[in-house]
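Have a look at data20.csv below; it lists CSV, C-alpha atoms and all ligand atoms.
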```csv
chain,number,residue,atom,x,y,z
M,27,MET,CA,119.1,24.7,129.7
M,28,ALA,CA,120.3,25.5,133.2
M,29,ASP,CA,123.8,26.8,133.5
M,30,GLN,CA,126.2,23.9,133.2
M,31,GLU,CA,127.5,24.7,136.7
M,32,PHE,CA,124.1,24.2,138.3
M,33,GLN,CA,122.7,21.1,136.5
M,34,LYS,CA,121.7,18.1,138.5
M,35,PRO,CA,124.5,15.7,139.3
M,36,THR,CA,125.1,12.8,136.9
M,37,GLY,CA,122.9,9.8,137.6
M,38,THR,CA,120.2,11.7,139.5
M,39,GLN,CA,116.8,12.7,138.3
M,40,ASP,CA,113.9,15.1,138.9
M,41,ILE,CA,110.8,13.0,139.3
M,42,PHE,CA,107.7,14.7,138.2
M,43,ASP,CA,104.6,14.4,136.0
M,44,LYS,CA,104.0,10.9,134.7
M,45,LYS,CA,107.1,9.4,136.3
M,46,GLN,CA,105.9,10.8,139.7
M,47,ARG,CA,102.6,9.1,139.3
M,48,TYR,CA,104.3,5.8,138.8
M,49,PHE,CA,106.5,6.4,141.9
M,50,ASN,CA,103.4,7.4,143.9
M,51,LYS,CA,101.5,4.3,142.8
M,52,ILE,CA,104.4,2.0,143.7
M,53,TYR,CA,104.9,3.6,147.1
M,54,GLU,CA,101.2,3.7,147.8
M,55,VAL,CA,100.6,0.0,146.9
M,56,SER,CA,103.7,-1.3,148.6
M,57,ARG,CA,102.9,0.6,151.8
M,58,ASP,CA,99.3,-0.7,151.8
M,59,ILE,CA,100.3,-4.3,151.2
M,60,ALA,CA,103.0,-4.0,153.9
M,61,TYR,CA,100.4,-2.6,156.3
M,62,GLN,CA,98.0,-5.5,155.5
M,63,TYR,CA,100.9,-8.0,156.3
M,64,ASN,CA,101.6,-6.2,159.6
M,65,PHE,CA,104.8,-4.4,158.7
M,66,GLU,CA,105.5,-1.2,160.4
M,67,THR,CA,107.0,1.7,158.5
M,68,ILE,CA,110.4,2.8,159.6
M,69,GLU,CA,112.6,5.6,158.4
M,70,THR,CA,116.3,5.5,159.1
M,71,PRO,CA,118.9,8.3,158.2
M,72,ILE,CA,120.0,8.6,154.7
M,73,MET,CA,123.6,8.6,156.0
M,74,GLU,CA,125.2,6.2,158.4
M,75,LYS,CA,128.7,5.5,159.7
M,76,GLU,CA,130.8,4.1,156.9
M,77,ALA,CA,131.8,1.3,159.2
M,78,LEU,CA,128.3,-0.1,159.3
M,79,PHE,CA,128.4,-1.0,155.6
M,80,LYS,CA,132.0,-2.1,155.7
M,81,ARG,CA,131.1,-4.6,158.3
M,82,SER,CA,127.7,-5.7,156.9
M,83,VAL,CA,127.9,-5.5,153.1
M,84,GLY,CA,131.6,-6.6,153.3
M,85,GLU,CA,134.9,-4.9,152.7
M,86,SER,CA,135.6,-7.0,149.5
M,87,THR,CA,132.3,-6.1,147.7
M,88,ASP,CA,132.1,-3.6,144.8
M,89,ILE,CA,129.6,-1.6,146.8
M,90,VAL,CA,132.0,-0.8,149.6
M,91,GLN,CA,135.2,-0.7,147.5
M,92,LYS,CA,133.9,1.3,144.5
M,93,GLU,CA,130.3,2.5,144.8
M,94,MET,CA,129.8,4.1,148.2
M,95,TYR,CA,129.6,7.8,148.7
M,96,VAL,CA,131.8,8.4,151.7
M,97,PHE,CA,132.7,11.7,153.2
M,98,GLU,CA,134.2,13.1,156.3
M,99,THR,CA,132.1,15.5,158.5
M,100,LYS,CA,133.5,18.6,160.0
M,101,GLY,CA,133.7,16.7,163.3
M,102,GLY,CA,135.8,14.0,161.7
M,103,ASP,CA,133.2,11.2,161.4
M,104,ARG,CA,133.4,9.1,158.3
M,105,LEU,CA,129.8,8.8,156.9
M,106,ALA,CA,128.4,7.0,153.9
M,107,LEU,CA,125.2,7.7,152.0
M,108,ARG,CA,123.3,4.5,152.4
M,109,PRO,CA,123.9,2.1,149.5
M,110,GLU,CA,121.2,-0.4,150.7
M,111,GLY,CA,118.5,-0.7,153.3
M,112,THR,CA,119.1,-3.8,155.4
M,113,ALA,CA,122.1,-2.8,157.4
M,114,PRO,CA,120.5,0.5,158.7
M,115,ILE,CA,117.5,-1.4,159.8
M,116,VAL,CA,119.5,-4.0,161.6
M,117,ARG,CA,121.5,-1.2,163.2
M,118,SER,CA,118.2,0.4,164.3
M,119,TYR,CA,116.9,-3.0,165.6
M,120,ILE,CA,119.9,-3.3,167.8
M,121,GLU,CA,120.1,0.3,168.9
M,122,ASN,CA,116.5,0.6,169.8
M,123,ASP,CA,116.3,-2.8,171.7
M,124,PHE,CA,113.7,-4.1,169.4
M,125,TYR,CA,114.5,-7.6,170.7
M,126,LYS,CA,112.4,-6.7,173.7
M,127,LYS,CA,109.2,-6.5,171.6
M,128,PRO,CA,107.2,-9.5,170.6
M,129,GLN,CA,109.1,-11.2,167.8
M,130,PRO,CA,109.2,-11.1,164.9
M,131,VAL,CA,109.4,-7.4,164.3
M,132,LYS,CA,108.4,-6.5,160.8
M,133,PHE,CA,109.6,-3.3,159.0
M,134,TYR,CA,108.6,-1.6,155.8
M,135,TYR,CA,110.8,1.2,154.3
M,136,CYS,CA,111.0,3.2,151.1
M,137,GLY,CA,113.2,6.0,149.9
M,138,PRO,CA,116.4,6.9,148.1
M,139,PHE,CA,119.7,5.0,148.1
M,140,PHE,CA,123.1,5.9,146.6
M,141,ARG,CA,125.7,4.1,144.6
M,142,TYR,CA,128.4,5.6,142.5
M,143,GLU,CA,127.9,3.5,139.4
M,144,ARG,CA,128.5,4.0,135.7
M,145,PRO,CA,125.3,5.7,134.5
M,146,GLN,CA,123.3,3.7,132.0
M,147,LYS,CA,119.7,3.4,131.1
M,148,GLY,CA,117.5,2.7,134.1
M,149,ARG,CA,120.4,2.9,136.5
M,150,TYR,CA,120.8,5.9,138.7
M,151,ARG,CA,123.4,7.0,141.3
M,152,GLN,CA,120.4,8.1,143.5
M,153,PHE,CA,117.9,5.3,143.1
M,154,HIS,CA,114.8,4.3,145.0
M,155,GLN,CA,113.7,1.2,146.8
M,156,PHE,CA,111.0,-0.2,149.0
M,157,GLY,CA,111.8,-3.1,151.2
M,158,LEU,CA,110.5,-5.4,153.9
M,159,GLU,CA,112.4,-6.9,156.8
M,160,VAL,CA,111.4,-9.5,159.3
M,161,LEU,CA,113.6,-9.8,162.4
M,162,GLY,CA,113.6,-12.0,165.4
M,163,LYS,CA,112.3,-15.3,164.3
M,164,ASP,CA,113.4,-18.2,162.1
M,165,SER,CA,110.7,-20.1,160.2
M,166,PRO,CA,110.3,-21.1,156.6
M,167,ALA,CA,106.8,-19.7,157.0
M,168,LEU,CA,108.3,-16.2,157.4
M,169,ASP,CA,110.5,-16.6,154.3
M,170,SER,CA,107.4,-17.7,152.3
M,171,GLN,CA,105.2,-15.0,153.7
M,172,LEU,CA,107.8,-12.4,152.8
M,173,ILE,CA,107.9,-13.6,149.2
M,174,ARG,CA,104.2,-13.6,149.2
M,175,ALA,CA,104.0,-10.0,150.4
M,176,PHE,CA,106.2,-9.0,147.4
M,177,TYR,CA,104.2,-11.1,145.1
M,178,GLN,CA,100.9,-9.4,146.2
M,179,THR,CA,102.5,-6.0,145.8
M,180,PHE,CA,103.3,-6.7,142.2
M,181,GLU,CA,100.0,-8.3,141.5
M,182,GLU,CA,98.3,-5.2,142.9
M,183,LEU,CA,100.5,-3.1,140.6
M,184,GLY,CA,99.3,-5.2,137.6
M,185,LEU,CA,102.7,-6.9,137.0
M,186,GLU,CA,103.0,-10.6,136.6
M,187,VAL,CA,106.2,-11.7,138.3
M,188,THR,CA,108.1,-14.9,138.9
M,189,PHE,CA,110.6,-15.7,141.6
M,190,LYS,CA,114.0,-17.4,141.3
M,191,VAL,CA,114.9,-19.1,144.6
M,192,ASN,CA,117.9,-20.9,146.0
M,193,SER,CA,119.3,-21.9,149.3
M,194,LEU,CA,122.8,-20.8,150.3
M,195,GLY,CA,123.0,-23.1,153.3
M,196,ASP,CA,124.6,-22.0,156.6
M,197,ASP,CA,127.8,-22.2,158.6
M,198,SER,CA,127.6,-26.0,158.9
M,199,CYS,CA,127.2,-26.8,155.2
M,200,ARG,CA,128.4,-23.8,153.2
M,201,PRO,CA,132.1,-24.0,154.0
M,202,ASP,CA,132.2,-27.6,152.8
M,203,TYR,CA,130.4,-26.7,149.6
M,204,LYS,CA,132.8,-23.7,149.0
M,205,GLU,CA,135.7,-26.1,149.1
M,206,GLN,CA,134.1,-28.5,146.7
M,207,LEU,CA,133.2,-25.6,144.4
M,208,LYS,CA,136.8,-24.4,144.5
M,209,GLU,CA,138.1,-27.9,143.8
M,210,SER,CA,135.9,-28.2,140.8
M,211,LEU,CA,136.8,-24.7,139.5
M,212,GLU,CA,140.6,-25.0,140.1
M,213,PRO,CA,141.5,-26.6,136.8
M,214,ASP,CA,139.9,-23.7,134.9
M,215,LEU,CA,141.1,-21.0,137.2
M,216,GLU,CA,143.2,-19.4,134.5
M,217,ASP,CA,140.2,-19.1,132.1
M,218,LEU,CA,137.9,-17.3,134.6
M,219,CYS,CA,137.6,-13.6,134.2
M,220,LYS,CA,139.8,-11.3,136.3
M,221,ASN,CA,137.1,-10.6,138.8
M,222,CYS,CA,136.3,-14.2,139.3
M,223,GLN,CA,140.0,-15.0,139.8
M,224,GLU,CA,139.9,-12.6,142.7
M,225,ARG,CA,136.6,-14.0,143.9
M,226,PHE,CA,138.1,-17.5,143.9
M,227,GLU,CA,139.8,-17.0,147.2
M,228,ASN,CA,137.5,-14.8,149.2
M,229,ASN,CA,134.1,-15.3,147.7
M,230,PRO,CA,133.9,-18.2,145.3
M,231,LEU,CA,130.1,-18.4,145.4
M,232,ARG,CA,130.0,-15.1,143.5
M,233,ILE,CA,131.6,-16.8,140.5
M,234,LEU,CA,128.3,-18.6,140.0
M,235,ASP,CA,126.5,-15.4,139.1
M,236,CYS,CA,129.2,-13.9,136.9
M,237,LYS,CA,127.8,-12.5,133.7
M,238,ASN,CA,130.9,-13.3,131.7
M,239,GLU,CA,130.2,-16.0,129.1
M,240,GLU,CA,133.3,-18.0,129.6
M,241,CYS,CA,132.8,-18.0,133.4
M,242,GLN,CA,129.2,-19.2,132.8
M,243,GLU,CA,130.5,-22.0,130.6
M,244,ILE,CA,133.0,-23.1,133.3
M,245,THR,CA,130.4,-23.0,136.0
M,246,GLU,CA,127.8,-24.9,134.1
M,247,ASN,CA,128.8,-28.3,135.5
M,248,VAL,CA,130.1,-27.4,139.0
M,249,PRO,CA,128.5,-29.0,142.0
M,250,GLN,CA,125.3,-27.2,143.1
M,251,ILE,CA,124.7,-26.1,146.6
M,252,VAL,CA,121.2,-27.5,146.9
M,253,ASP,CA,122.8,-30.9,146.6
M,254,HIS,CA,125.2,-30.2,149.5
M,255,LEU,CA,122.9,-28.7,152.1
M,256,CYS,CA,123.0,-30.1,155.6
M,257,LYS,CA,119.9,-31.9,156.9
M,258,SER,CA,118.4,-28.9,158.7
M,259,CYS,CA,119.0,-26.5,155.7
M,260,LYS,CA,117.5,-29.0,153.4
M,261,LYS,CA,114.5,-29.4,155.5
M,262,LYS,CA,114.0,-25.6,155.8
M,263,PHE,CA,114.3,-25.1,152.1
M,264,LYS,CA,111.9,-27.9,151.3
M,265,SER,CA,109.3,-26.2,153.6
M,266,VAL,CA,109.8,-22.9,152.0
M,267,LEU,CA,109.2,-24.4,148.5
M,268,GLU,CA,106.1,-26.4,149.8
M,269,LEU,CA,104.6,-23.2,151.1
M,270,LEU,CA,105.2,-21.3,147.9
M,271,ASP,CA,103.5,-24.2,146.0
M,272,GLU,CA,100.6,-24.0,148.4
M,273,MET,CA,100.3,-20.3,147.8
M,274,GLU,CA,100.6,-20.8,144.1
M,275,ILE,CA,103.4,-18.4,143.8
M,276,PRO,CA,105.3,-18.9,140.5
M,277,TYR,CA,108.9,-19.7,141.1
M,278,GLU,CA,111.8,-21.7,139.7
M,279,LEU,CA,114.9,-23.1,141.4
M,280,ASP,CA,118.1,-21.3,140.3
M,281,PRO,CA,121.2,-23.0,141.6
M,282,PHE,CA,123.3,-20.0,140.3
M,283,LEU,CA,121.4,-17.5,142.3
M,284,VAL,CA,123.8,-16.4,145.1
M,285,ARG,CA,123.0,-12.7,145.6
M,286,GLY,CA,125.8,-10.3,145.9
M,287,LEU,CA,126.1,-10.0,149.6
M,288,ASP,CA,128.0,-12.3,152.0
M,289,TYR,CA,125.5,-12.2,154.8
M,290,TYR,CA,122.8,-14.3,153.3
M,291,THR,CA,122.1,-17.7,154.7
M,292,ASN,CA,119.5,-20.3,153.5
M,293,THR,CA,116.7,-18.9,151.4
M,294,VAL,CA,117.6,-16.3,148.7
M,295,PHE,CA,115.3,-15.0,146.0
M,296,GLU,CA,115.0,-12.6,143.1
M,297,ILE,CA,111.9,-11.2,141.4
M,298,PHE,CA,111.5,-11.0,137.6
M,299,ALA,CA,108.8,-9.6,135.3
M,300,GLY,CA,109.3,-10.9,131.8
M,301,LYS,CA,112.8,-10.8,130.3
M,302,GLY,CA,114.1,-7.7,132.1
M,303,PRO,CA,116.6,-7.5,134.9
M,304,ALA,CA,115.7,-8.5,138.4
M,305,LEU,CA,113.2,-6.0,140.0
M,306,GLY,CA,114.4,-6.9,143.4
M,307,GLY,CA,115.4,-9.7,145.7
M,308,GLY,CA,116.4,-10.7,149.2
M,309,GLY,CA,116.8,-13.6,151.5
M,310,ARG,CA,117.5,-14.8,155.0
M,311,TYR,CA,120.4,-13.2,156.9
M,312,ASP,CA,120.6,-15.0,160.2
M,313,LYS,CA,124.1,-13.8,161.1
M,314,LEU,CA,123.8,-10.1,160.4
M,315,VAL,CA,122.5,-8.9,163.7
M,316,GLU,CA,125.3,-10.6,165.5
M,317,LEU,CA,127.8,-9.4,163.0
M,318,LEU,CA,126.7,-5.8,163.8
M,319,GLY,CA,127.1,-6.3,167.5
M,320,GLY,CA,123.6,-7.5,168.5
M,321,ARG,CA,122.5,-10.8,170.0
M,322,GLU,CA,121.9,-13.8,167.8
M,323,THR,CA,118.8,-12.9,165.8
M,324,PRO,CA,117.4,-14.7,162.8
M,325,ALA,CA,116.0,-12.4,160.1
M,326,CYS,CA,115.0,-12.2,156.5
M,327,GLY,CA,114.1,-9.4,154.1
M,328,GLY,CA,114.1,-8.1,150.6
M,329,ALA,CA,114.0,-4.9,148.5
M,330,VAL,CA,112.6,-3.8,145.2
M,331,GLY,CA,114.0,-1.2,142.8
M,332,VAL,CA,111.4,1.5,142.2
M,333,GLU,CA,112.9,2.7,138.9
M,334,ARG,CA,113.1,-0.8,137.5
M,335,THR,CA,109.5,-1.4,138.5
M,336,VAL,CA,108.4,1.7,136.7
M,337,ASP,CA,110.2,0.5,133.6
M,338,ALA,CA,108.5,-2.9,133.9
M,339,MET,CA,105.1,-1.3,134.3
M,340,ARG,CA,105.6,0.9,131.3
M,341,GLU,CA,106.8,-2.1,129.3
M,342,ALA,CA,103.6,-3.9,130.3
M,343,ASP,CA,101.5,-0.9,129.3
M,344,ILE,CA,100.2,-0.4,132.8
M,345,ASP,CA,98.7,3.1,132.9
M,346,VAL,CA,98.6,5.1,136.1
M,347,THR,CA,96.9,8.2,134.9
M,348,GLU,CA,93.8,9.2,136.9
M,349,LYS,CA,90.8,7.5,135.2
M,350,ARG,CA,88.3,9.8,136.9
M,351,LYS,CA,86.7,12.5,134.8
M,352,LYS,CA,87.9,16.0,135.5
M,353,VAL,CA,85.7,18.7,136.9
M,354,PHE,CA,86.4,22.4,136.7
M,355,LEU,CA,84.8,25.0,138.8
M,356,ALA,CA,84.4,28.5,137.3
M,357,GLN,CA,83.1,31.5,139.0
M,358,LEU,CA,82.1,35.0,138.0
M,359,GLY,CA,81.8,37.9,140.4
M,360,ASN,CA,82.8,38.5,144.0
M,361,SER,CA,80.0,36.7,145.8
M,362,ALA,CA,80.3,33.8,143.5
M,363,LYS,CA,84.0,33.5,144.2
M,364,LYS,CA,83.3,33.3,147.9
M,365,LYS,CA,80.6,30.6,147.3
M,366,ALA,CA,83.0,28.8,145.0
M,367,PHE,CA,85.6,28.5,147.7
M,368,GLU,CA,83.0,26.9,150.0
M,369,LEU,CA,81.8,24.6,147.2
M,370,PHE,CA,85.4,23.6,146.5
M,371,GLU,CA,85.7,22.4,150.1
M,372,ASP,CA,82.4,20.5,149.9
M,373,PHE,CA,83.9,18.5,146.9
M,374,ARG,CA,87.2,18.1,148.6
M,375,LYS,CA,85.5,16.6,151.7
M,376,GLU,CA,83.8,14.1,149.4
M,377,GLY,CA,87.1,13.1,148.0
M,378,ILE,CA,86.4,14.6,144.6
M,379,PRO,CA,89.3,16.7,143.2
M,380,VAL,CA,88.0,19.8,141.5
M,381,TYR,CA,90.2,22.0,139.2
M,382,GLU,CA,89.7,25.7,139.6
M,383,SER,CA,91.3,29.0,138.6
M,384,MET,CA,90.3,31.3,141.4
M,385,GLY,CA,93.0,33.7,140.4
M,386,ARG,CA,91.2,34.4,137.1
M,387,ASP,CA,88.2,36.7,136.9
M,388,SER,CA,87.0,36.5,133.3
M,389,LEU,CA,84.8,33.6,132.5
M,390,LYS,CA,86.3,33.3,129.1
M,391,SER,CA,89.8,32.7,130.4
M,392,GLN,CA,88.5,30.2,132.9
M,393,MET,CA,86.6,28.2,130.3
M,394,ALA,CA,89.8,28.2,128.2
M,395,ARG,CA,91.6,26.8,131.1
M,396,ALA,CA,89.0,24.1,131.6
M,397,ASP,CA,89.3,23.2,128.0
M,398,LYS,CA,93.1,23.0,128.2
M,399,LEU,CA,92.9,20.7,131.3
M,400,GLY,CA,90.5,18.4,129.3
M,401,ALA,CA,87.7,18.8,131.9
M,402,GLU,CA,84.6,16.7,131.2
M,403,TYR,CA,82.4,19.0,133.2
M,404,THR,CA,82.6,22.6,134.1
M,405,LEU,CA,80.5,24.1,136.9
M,406,ILE,CA,79.7,27.7,136.4
M,407,LEU,CA,78.7,29.9,139.3
M,408,GLY,CA,77.7,33.3,138.1
M,409,ARG,CA,75.9,36.2,139.8
M,410,GLN,CA,72.4,35.1,138.9
M,411,GLU,CA,73.0,31.5,140.0
M,412,CYS,CA,74.5,32.7,143.2
M,413,ILE,CA,71.4,34.7,144.1
M,414,LYS,CA,69.1,31.8,143.2
M,415,GLY,CA,71.3,29.2,145.0
M,416,GLN,CA,71.9,27.4,141.8
M,417,ILE,CA,74.8,26.3,139.6
M,418,ILE,CA,75.2,25.4,136.0
M,419,ILE,CA,76.8,22.0,135.0
M,420,ARG,CA,78.2,22.2,131.5
M,421,GLU,CA,79.2,19.1,129.6
M,422,MET,CA,82.2,20.3,127.8
M,423,LYS,CA,82.1,18.0,124.8
M,424,SER,CA,78.4,18.5,123.8
M,425,GLY,CA,78.0,22.0,125.3
M,426,LYS,CA,74.9,20.8,127.0
M,427,GLN,CA,74.0,22.7,130.2
M,428,GLU,CA,71.7,22.0,133.1
M,429,THR,CA,71.0,24.2,136.1
M,430,VAL,CA,70.8,22.4,139.5
M,431,PRO,CA,70.4,23.6,143.1
M,432,LEU,CA,73.8,24.4,144.7
M,433,ASP,CA,73.3,21.9,147.5
M,434,LYS,CA,72.7,19.0,145.1
M,435,VAL,CA,75.6,19.6,142.8
M,436,VAL,CA,78.2,17.5,144.7
M,437,LYS,CA,75.8,14.5,144.7
M,438,LYS,CA,75.1,15.0,141.0
M,439,ILE,CA,78.7,15.2,140.0
M,440,LYS,CA,79.6,12.2,142.1
M,441,LYS,CA,77.2,10.2,140.0
M,442,LYS,CA,78.6,11.5,136.7
M,443,ILE,CA,82.2,10.7,137.4
Z,501,ZN,ZN,133.7,-14.1,135.9
Z,502,ZN,ZN,123.3,-26.1,156.6
```

Taking this structure as input, can you express it in the form of structure tokens?
Amino acid sequence: MADQEFQKPTGTQDIFDKKQRYFNKIYEVSRDIAYQYNFETIETPIMEKEALFKRSVGESTDIVQKEMYVFETKGGDRLALRPEGTAPIVRSYIENDFYKKPQPVKFYYCGPFFRYERPQKGRYRQFHQFGLEVLGKDSPALDSQLIRAFYQTFEELGLEVTFKVNSLGDDSCRPDYKEQLKESLEPDLEDLCKNCQERFENNPLRILDCKNEECQEITENVPQIVDHLCKSCKKKFKSVLELLDEMEIPYELDPFLVRGLDYYTNTVFEIFAGKGPALGGGGRYDKLVELLGGRETPACGGAVGVERTVDAMREADIDVTEKRKKVFLAQLGNSAKKKAFELFEDFRKEGIPVYESMGRDSLKSQMARADKLGAEYTLILGRQECIKGQIIIREMKSGKQETVPLDKVVKKIKKKI
């Protein structure tokens, strides 16, 4: 145990071994799929000005009020460790004049995010996400394609997911709906939980996704926003759903899905695998670029929690261990060692990872190492073989050996694994 003083901070983790393989797999697959859907990778700083999130995420949200890591620099700037990925990308879109490029501009990102939350299973203060953002064009086709890109990512990871979708309307229909919602909630205001009583004035939509049972009972029969969309919002939402049907993406309508953040308009969605918590979600945010000082720019995007995806993959028994048989390269004597270095490179160039222990000299200790690694084949290059230009392939389980010409061994092994 490390000295208490130097242990990692609460809510953080060292990611290695099996967990690292899951992380790698998720990053690899999400990056590949993003690439296939023409998203370009972007990296933004891990810290941003505090004001960016105050404005975008909203002053009244838990994220800004309770969960953000904020600090003052020596120069007096107030910075925050990024609690989410969309605002930094919108900031970057504005700051780098991305509106001058052909629209839409599509971004992929992945990496760590930070929220000071009560630590619990599967929830970290430094957590990881990958996300997709599409800026500069408004079309139901883009909403659907975004959902599809997430769907394909999970399919490639071996996870069966379903989507919950809803529409939150826009400036021309949402304010009316908010009033109707408040009217309908007013008689029960006293019975709502404390949080919801606060939400009633500044963010009544959020009452709809309160996890409190009493609140849920009260909201059961309130008017639903999908019934109060204006003509254009209704039309957009219908197109999104039709396209999802067309693409055979499993989804259900969820009138209580409002997402936590104020800036969403029209389509919102969340992603689920089985009974677990949402793996991710997103939606359209047509007002955000303007809110952050840019010109009017429609946009949509979403993000997925890597830790939650790992949990879901484990739950579904999805194995990410290397299936390929292991090969170990053993050498004996100086000239053999030199040859072994060359041979190692030959394998590497063919994309075949070979284990070795060049630091060891005795054959016995190298064989023990091969055993311990669980190698299926060990290649033995001794003095005799070196002179004859040959090498021994030993099948570890049976102990069967064959001697083959050195220049044929890569090909031979390639066939065996
Ligand atoms: Zn509540
Ligand atoms: Zn509308």

Query raised in the report: Could you pull the residues within 6 Å of Glu402 of chain M, counting only C-alpha atoms, minus those fewer than 4 positions along the same chain, as a ChimeraX atom specification?
Result: /M:351-352,422

Write the residues you've just listed into a file as a short mmCIF file (atom, residue, chain, number, x, y, z; two decimals), in the frame of the given file, and include C-alpha atoms for each of them.
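Dumped to part-v2.cif:
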```
data_model
loop_
_atom_site.label_atom_id
_atom_site.label_comp_id
_atom_site.auth_asym_id
_atom_site.auth_seq_id
_atom_site.Cartn_x
_atom_site.Cartn_y
_atom_site.Cartn_z
CA LYS M 351 86.70 12.50 134.80
CA LYS M 352 87.90 16.00 135.50
CA MET M 422 82.20 20.30 127.80
#
```

**Report entry** Of the listed residues M:Pro166, M:Pro138, M:Pro114, M:Pro230, that which approaches ligand ZN 501 (chain Z) most closely, counting only C-alpha atoms and all ligand atoms
**Finding:**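 Selected residue with least distance to ligand ZN 501 (chain Z): M:Pro230.
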
Counting only C-alpha atoms and all ligand atoms, which residues of chain M fall within 7 Å of ligand ZN 502 (chain Z), and what is the closest atom pair for each with its distance in Å at one decimal, ordered by chain and rising number, as a Markdown table?
```
| residue | atom | partner | partner_atom | distance |
| --- | --- | --- | --- | --- |
| M:Gly195 | CA | Z:ZN502 | ZN | 4.5 |
| M:Asp196 | CA | Z:ZN502 | ZN | 4.3 |
| M:Asp197 | CA | Z:ZN502 | ZN | 6.3 |
| M:Ser198 | CA | Z:ZN502 | ZN | 4.9 |
| M:Cys199 | CA | Z:ZN502 | ZN | 4.2 |
| M:Arg200 | CA | Z:ZN502 | ZN | 6.5 |
| M:Leu255 | CA | Z:ZN502 | ZN | 5.2 |
| M:Cys256 | CA | Z:ZN502 | ZN | 4.1 |
| M:Lys257 | CA | Z:ZN502 | ZN | 6.7 |
| M:Ser258 | CA | Z:ZN502 | ZN | 6.0 |
| M:Cys259 | CA | Z:ZN502 | ZN | 4.4 |
```

Output the selection as a CSV table (one decimal), keeping the file's coordinate frame - C-alpha atoms for each residue.
```
chain,number,residue,atom,x,y,z
M,195,GLY,CA,123.0,-23.1,153.3
M,196,ASP,CA,124.6,-22.0,156.6
M,197,ASP,CA,127.8,-22.2,158.6
M,198,SER,CA,127.6,-26.0,158.9
M,199,CYS,CA,127.2,-26.8,155.2
M,200,ARG,CA,128.4,-23.8,153.2
M,255,LEU,CA,122.9,-28.7,152.1
M,256,CYS,CA,123.0,-30.1,155.6
M,257,LYS,CA,119.9,-31.9,156.9
M,258,SER,CA,118.4,-28.9,158.7
M,259,CYS,CA,119.0,-26.5,155.7
```

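When all atoms listed in the file are used to compute distances to ligand ZN 501 (chain Z), the closest of the residues M:Asp217, M:Asp433, M:Glu69, M:Glu186 turns out to be M:Asp217.
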
Query raised in the report: Can you tell me which residues sit at most 6 Å away from ligand ZN 501 (chain Z), counting only C-alpha atoms and all ligand atoms, written as a list of chain:residue names?
Result: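 These are the residues that qualify: M:Leu218, M:Cys219, M:Asn221, M:Cys222, M:Ile233, M:Cys236, M:Asn238, M:Cys241.
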
Requested in this report: Taking (130.6, -22.4, 133.2) in the file's own coordinates, collect the residues within 12 Å, counting all atoms listed in the file, and hand them back as a VMD selection string.
Outcome: chain M and resid 207 210 to 211 214 to 215 217 to 219 222 233 to 249 282

Query raised in the report: Within 10 Å of (130.8, -7.2, 145.6), all atoms listed in the file: residues as a PyMOL selection string?
Result: chain M and resi 83-93+221+225+229+232+285-288

Report summary line: re atom CA of Val336 of chain M and atom CA of Leu172 of chain M: distance 21.4 Å

Query raised in the report: Which residues, written as a list in words, have at least one atom at most 12 Å from Ala394 of chain M, with only C-alpha atoms counted and residues fewer than 3 positions away on the same chain left out?
Result: Phe354, Ala356, Glu382, Ser383, Arg386, Ser388, Leu389, Lys390, Ser391, Asp397, Lys398, Leu399, Gly400, Ala401, Thr404 and Met422 of chain M

Query raised in the report: Of the residues M:Val96, M:Leu317, M:Ala167, M:Val187, which is the one nearest to Leu269 of chain M, using all atoms listed in the file?
Result: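 Closest residue, counting all atoms listed in the file: M:Ala167.
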
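With distances restricted to only C-alpha atoms, M:Glu159 is the closest residue to Arg310 of chain M from M:Ala338, M:Glu159, M:Lys423, M:Gly184.
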
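For segment 379-381 of chain M, the non-local neighbours within 8 Å, defined as residues at least 5 positions apart in the same chain or in other chains and counting all atoms listed in the file, are Lys352, Val353, Phe354, Leu355, Phe370, Phe373, Arg374 and Ala396 of chain M.
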
Report task. For Pro35 of chain M, work out the shell of residues within 12 Å, counting all atoms listed in the file and skipping chain neighbours fewer than 2 positions away, then give it as an NGL selection string. Result -> :M and (30-33 or 37-40 or 142 or 145 or 150-152)

**Report entry** Pairwise distance for atom CA of Arg141 of chain M and atom CA of Arg334 of chain M, rounded to one decimal in Å
**Finding:**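 Those two atoms sit 15.3 Å apart.
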
Report task. Check the smallest atom-to-atom distance from each of M:Arg47, M:Arg174, M:Lys262, M:Lys437 to Thr293 of chain M using all atoms listed in the file, then report the winner. Result ->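 Smallest distance to Thr293 of chain M is found for M:Lys262.
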
Query raised in the report: With distances taken over all atoms listed in the file, which of M:Lys441, M:Gly137, M:Tyr290, M:Val430 is nearest to Ser82 of chain M?
Result: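 Going through M:Lys441, M:Gly137, M:Tyr290, M:Val430 one by one, the smallest distance to Ser82 of chain M is for M:Tyr290.
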
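Here atom CA of Asp271 of chain M and atom CA of Leu231 of chain M stand 27.2 Å from one another.
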
**Report entry** Near-Leu279 of chain M list (12 Å; all atoms listed in the file; drop same-chain fewer than 6 positions) as a PyMOL selection string
**Finding:** chain M and resi 188-193+250-252+263-264+266-267+270+293-296
